[in-house]
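**Q** Structure provided below as structure tokens; questions to follow.
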Amino acid sequence: MMHFLNGRSIVSPFPDGMETLVVGMGCFWGAEQRFWETSGVWSTAVGYTGGTSPAPGYREVCTGVTGHAEAVLVVFDPLELTLEGALGVFWNNHDPTQGMRQGNDVGTQYRSCIFVADEAQLATAVATRDVMEPLLADAGFGPITTQISALGTFHYAEEYHQQYLAKNPTGYCGLGETGVTCPTGVLS
């Protein structure tokens with residue numbers, strides 16, 4: 001499968017040196033757009049992960065019984081965009097304090113989540129969360145509800161969901177920002 005905008009592959013193998021990150025920020029259409037617009041991102045794809053169904057589809061995920069989240073696979077060049085920077089895009093572009101929702105989109109599939117591939121990603125995800133939590137509290141938000149867990153299988157969403165907002169520029173996106181910016185370059 002090829003990316004609708006840049007013609008690059010959205011499935012591995014990816015070029016040498018590329019890294020991947022899988023996150024859920026609510027509706028995957030808007031979340032994917034935030035990343036494909038980010039400098040250093042090589043490719044993106046949407047899919048489902050974090051649940052129990054072995055072959056989830058959109059209608060099944062929307063029932064809430066699968067436990068899967070709508071997620072974005074981000075393929076990025078760490079020489080142009082660090083993992084910390086990619087996580088900054090995650091924190092800056094949704095409200096991680098809403099539990100099982102983002103705005104009017106309600107359900108387990110819309111939860112805030114980071115699915116880590118290894119211990120280094122886990123450490124960076126936790127560190128950026130720990131930087132964001134007091135900033136959000138100072139701005140009047142509740143505690144962060146973001147799930148941080150190991151990445152299982154990433155199930156690619158149906159083709160019509162891939163780069164949906166590029167194909168349907170007037171499509172709905174319930175993603176909302178908090179106005180709080182995650183500082184980057186502060187982790188050692």
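Order determines the names: the first chain of the structure tokens is A, the second B, and so forth; residues in each chain are numbered 1 upward, and ligands are numbered 1 upward as they are shown.
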List every residue of chain A that DSSP, applied to the backbone of this structure, assigns to strand (DSSP E), and report them as a PyMOL selection string.

**A** chain A and resi 19-25+41-49+69-76+101-102+105-106+112-116+147-150+155-156

**Q** Determine, for each residue of stretch 7-87 of chain A having at least one atom at most 10 Å from an atom of stretch 113-128 of chain A, the closest pair of atoms and their separation in Å to one decimal, counting only C-alpha atoms; order by chain and ascending number, as a tab-separated table.

**A**
residue	atom	partner	partner_atom	distance
A:Glu19	CA	A:Ala117	CA	10.0
A:Thr20	CA	A:Ala117	CA	8.2
A:Leu21	CA	A:Val116	CA	7.0
A:Val22	CA	A:Phe115	CA	5.4
A:Val23	CA	A:Ile114	CA	4.5
A:Gly24	CA	A:Cys113	CA	4.8
A:Met25	CA	A:Cys113	CA	6.7
A:Gly26	CA	A:Cys113	CA	9.0
A:Thr49	CA	A:Phe115	CA	8.4
A:Gly50	CA	A:Phe115	CA	7.8
A:Ala69	CA	A:Cys113	CA	8.0
A:Glu70	CA	A:Cys113	CA	9.5
A:Ala71	CA	A:Cys113	CA	8.3
A:Val72	CA	A:Ile114	CA	9.8
A:Leu73	CA	A:Phe115	CA	9.8
A:Leu83	CA	A:Thr124	CA	7.5
A:Glu84	CA	A:Thr124	CA	6.6
A:Gly85	CA	A:Thr128	CA	9.8
A:Leu87	CA	A:Ala125	CA	7.1

**Q** Which of these, A:Pro78, A:Pro56, A:Cys182, A:Gly107, has the shortest distance to A:Asp130 once you count only C-alpha atoms?

**A** A:Cys182

**Q** Just the residues within 10 Å of A:Pro183, please, counting only C-alpha atoms, with nothing from its chain fewer than 3 positions along; format it as a ChimeraX atom specification.

**A** /A:84-85,88,91-92,128,131-132,135,180,186-187

**Q** Those residues you just picked out, can you put them in a file as a compact mmCIF listing (two decimals), in the first residue's frame with N, CA and C atoms?

**A**
# COMPACT_ATOMS: atom_id res chain seq x y z
N GLU A 84 11.38 12.24 20.83
CA GLU A 84 10.81 13.26 21.72
C GLU A 84 9.98 14.28 20.92
N GLY A 85 10.47 14.68 19.77
CA GLY A 85 9.73 15.60 18.91
C GLY A 85 8.45 14.98 18.38
N GLY A 88 6.06 15.03 21.04
CA GLY A 88 5.56 16.39 21.19
C GLY A 88 4.37 16.65 20.28
N TRP A 91 1.40 14.96 22.03
CA TRP A 91 0.87 15.69 23.18
C TRP A 91 0.22 17.01 22.79
N ASN A 92 0.75 17.67 21.78
CA ASN A 92 0.27 19.01 21.41
C ASN A 92 -1.02 19.02 20.61
N THR A 128 8.04 12.26 28.70
CA THR A 128 7.28 13.36 28.12
C THR A 128 5.93 13.52 28.82
N VAL A 131 6.51 15.42 31.94
CA VAL A 131 6.72 16.85 31.68
C VAL A 131 5.37 17.54 31.43
N MET A 132 4.49 16.87 30.69
CA MET A 132 3.20 17.47 30.32
C MET A 132 2.21 17.57 31.47
N LEU A 135 2.12 20.80 33.47
CA LEU A 135 1.75 21.91 32.59
C LEU A 135 0.25 21.92 32.34
N VAL A 180 -1.73 23.72 25.44
CA VAL A 180 -0.51 23.52 26.22
C VAL A 180 0.51 22.85 25.31
N VAL A 186 14.30 18.79 26.22
CA VAL A 186 14.58 18.93 27.66
C VAL A 186 14.93 17.61 28.32
N LEU A 187 14.74 16.50 27.61
CA LEU A 187 15.05 15.20 28.17
C LEU A 187 16.53 14.90 27.95

**Q** Tell me which protein, DNA and RNA residues are within 7 Å of A:Met100, counting only C-alpha atoms, leaving out same-chain ones fewer than 6 positions away, and put them as a list of chain:residue names.

**A** A:Val106, A:Gly107, A:Thr108, A:Tyr110, A:Arg111

**Q** Rounded to one decimal, what separation in Å do you get between atom CA of A:Met18 and atom CA of A:Tyr58?

**A** 28.1 Å

**Q** Give the helix (DSSP H, G or I) residues of stretch 37-118 of chain A, as assigned by DSSP on the backbone, as a PDB file with N, CA and C atoms, in the first residue's frame.

**A**
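See part-v8.pdb below for the written result:
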ATOM      1  N   TYR A  58     -13.332  -1.631  10.910  1.00  0.00           N
ATOM      2  CA  TYR A  58     -13.844  -0.370  11.452  1.00  0.00           C
ATOM      3  C   TYR A  58     -15.170  -0.547  12.188  1.00  0.00           C
ATOM      4  N   ARG A  59     -16.119  -1.227  11.569  1.00  0.00           N
ATOM      5  CA  ARG A  59     -17.434  -1.387  12.206  1.00  0.00           C
ATOM      6  C   ARG A  59     -17.316  -2.137  13.526  1.00  0.00           C
ATOM      7  N   GLU A  60     -16.493  -3.167  13.571  1.00  0.00           N
ATOM      8  CA  GLU A  60     -16.318  -3.937  14.801  1.00  0.00           C
ATOM      9  C   GLU A  60     -15.630  -3.091  15.872  1.00  0.00           C
ATOM     10  N   VAL A  61     -14.606  -2.344  15.494  1.00  0.00           N
ATOM     11  CA  VAL A  61     -13.900  -1.500  16.461  1.00  0.00           C
ATOM     12  C   VAL A  61     -14.849  -0.467  17.051  1.00  0.00           C
ATOM     13  N   CYS A  62     -15.735   0.087  16.227  1.00  0.00           N
ATOM     14  CA  CYS A  62     -16.683   1.105  16.702  1.00  0.00           C
ATOM     15  C   CYS A  62     -17.693   0.567  17.704  1.00  0.00           C
ATOM     16  N   LEU A  83      12.422  11.145  18.528  1.00  0.00           N
ATOM     17  CA  LEU A  83      11.281  10.498  19.167  1.00  0.00           C
ATOM     18  C   LEU A  83      10.593  11.488  20.102  1.00  0.00           C
ATOM     19  N   GLU A  84      11.377  12.244  20.833  1.00  0.00           N
ATOM     20  CA  GLU A  84      10.807  13.263  21.723  1.00  0.00           C
ATOM     21  C   GLU A  84       9.980  14.277  20.922  1.00  0.00           C
ATOM     22  N   GLY A  85      10.467  14.678  19.769  1.00  0.00           N
ATOM     23  CA  GLY A  85       9.728  15.599  18.909  1.00  0.00           C
ATOM     24  C   GLY A  85       8.448  14.982  18.380  1.00  0.00           C
ATOM     25  N   ALA A  86       8.502  13.710  17.993  1.00  0.00           N
ATOM     26  CA  ALA A  86       7.299  13.020  17.518  1.00  0.00           C
ATOM     27  C   ALA A  86       6.272  12.921  18.642  1.00  0.00           C
ATOM     28  N   LEU A  87       6.740  12.642  19.848  1.00  0.00           N
ATOM     29  CA  LEU A  87       5.819  12.599  20.988  1.00  0.00           C
ATOM     30  C   LEU A  87       5.285  13.991  21.313  1.00  0.00           C
ATOM     31  N   GLY A  88       6.064  15.029  21.036  1.00  0.00           N
ATOM     32  CA  GLY A  88       5.563  16.393  21.194  1.00  0.00           C
ATOM     33  C   GLY A  88       4.371  16.650  20.282  1.00  0.00           C
ATOM     34  N   VAL A  89       4.429  16.143  19.046  1.00  0.00           N
ATOM     35  CA  VAL A  89       3.289  16.263  18.122  1.00  0.00           C
ATOM     36  C   VAL A  89       2.075  15.568  18.732  1.00  0.00           C
ATOM     37  N   PHE A  90       2.295  14.402  19.299  1.00  0.00           N
ATOM     38  CA  PHE A  90       1.219  13.661  19.969  1.00  0.00           C
ATOM     39  C   PHE A  90       0.593  14.497  21.084  1.00  0.00           C
ATOM     40  N   TRP A  91       1.401  14.962  22.026  1.00  0.00           N
ATOM     41  CA  TRP A  91       0.868  15.688  23.185  1.00  0.00           C
ATOM     42  C   TRP A  91       0.219  17.014  22.792  1.00  0.00           C
ATOM     43  N   ASN A  92       0.753  17.675  21.780  1.00  0.00           N
ATOM     44  CA  ASN A  92       0.271  19.013  21.415  1.00  0.00           C
ATOM     45  C   ASN A  92      -1.024  19.020  20.612  1.00  0.00           C
ATOM     46  N   THR A 108     -13.984   3.512  23.564  1.00  0.00           N
ATOM     47  CA  THR A 108     -12.621   3.046  23.837  1.00  0.00           C
ATOM     48  C   THR A 108     -11.682   3.261  22.664  1.00  0.00           C
ATOM     49  N   GLN A 109     -12.218   3.251  21.441  1.00  0.00           N
ATOM     50  CA  GLN A 109     -11.361   3.415  20.264  1.00  0.00           C
ATOM     51  C   GLN A 109     -10.799   4.823  20.155  1.00  0.00           C
ATOM     52  N   TYR A 110     -11.340   5.777  20.914  1.00  0.00           N
ATOM     53  CA  TYR A 110     -10.887   7.173  20.844  1.00  0.00           C
ATOM     54  C   TYR A 110      -9.965   7.559  21.994  1.00  0.00           C
TER      55      TYR A 110
END

**Q** Using only C-alpha atoms, which protein or nucleic acid residues come within 7 Å of A:Ile144? Drop anything in the same chain fewer than 5 positions from it, and give the result as a VMD selection string.

**A** chain A and resid 96 to 97 133

**Q** Could you check which of A:Cys173, A:Ala55, A:Val75, A:Cys27 is closest to A:Ile10, using only C-alpha atoms?

**A**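 Answer, going by the shortest atom-to-atom distance: A:Val75.
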
**Q** Quick one: distance from atom CA of A:Gly140 to atom CA of A:Gln98 in Å, one decimal?

**A**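 Separation of atom CA of A:Gly140 and atom CA of A:Gln98: 12.9 Å.
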
**Q** Quote the spacing between atom CA of A:Arg8 and atom CA of A:Leu151 in Å to one decimal place.

**A**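 Separating atom CA of A:Arg8 from atom CA of A:Leu151 is a distance of 23.0 Å.
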
**Q** For A:His3, please output as a list of chain:residue names all residues within 10 Å (counting only C-alpha atoms; exclusion window: fewer than 2 positions along the same chain).

**A**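 The residues that qualify are A:Met1, A:Leu5, A:Asn6, A:Gly7, A:Arg8, A:Ser9, A:Ile10, A:Val11, A:Trp36, A:Trp42, A:Ser43, A:Thr44, A:Ala45, A:Gln162, A:Gln163.
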
**Q** Using only C-alpha atoms, which protein or nucleic acid residues come within 8 Å of A:Gly99? Drop anything in the same chain fewer than 4 positions from it, and give the result as a ChimeraX atom specification.

**A** /A:111-112,145-146

**Q** Output the selection as a PDB file, in the first residue's frame - N, CA and C atoms for each residue.

**A**
ATOM      1  N   ARG A 111      -9.511   6.577  22.770  1.00  0.00           N
ATOM      2  CA  ARG A 111      -8.667   6.897  23.919  1.00  0.00           C
ATOM      3  C   ARG A 111      -7.296   7.400  23.483  1.00  0.00           C
ATOM      4  N   SER A 112      -6.664   8.121  24.370  1.00  0.00           N
ATOM      5  CA  SER A 112      -5.295   8.590  24.176  1.00  0.00           C
ATOM      6  C   SER A 112      -4.355   7.450  24.545  1.00  0.00           C
ATOM      7  N   THR A 145      -4.761  10.753  31.142  1.00  0.00           N
ATOM      8  CA  THR A 145      -5.319   9.398  31.120  1.00  0.00           C
ATOM      9  C   THR A 145      -4.690   8.534  30.035  1.00  0.00           C
ATOM     10  N   THR A 146      -3.670   9.038  29.386  1.00  0.00           N
ATOM     11  CA  THR A 146      -3.030   8.328  28.273  1.00  0.00           C
ATOM     12  C   THR A 146      -2.525   6.954  28.705  1.00  0.00           C
TER      13      THR A 146
END

**Q** For A:Glu159, which residue out of A:Gly40, A:Gly57, A:Gly103, A:Gly176 is the nearest one, using only C-alpha atoms?

**A** A:Gly57
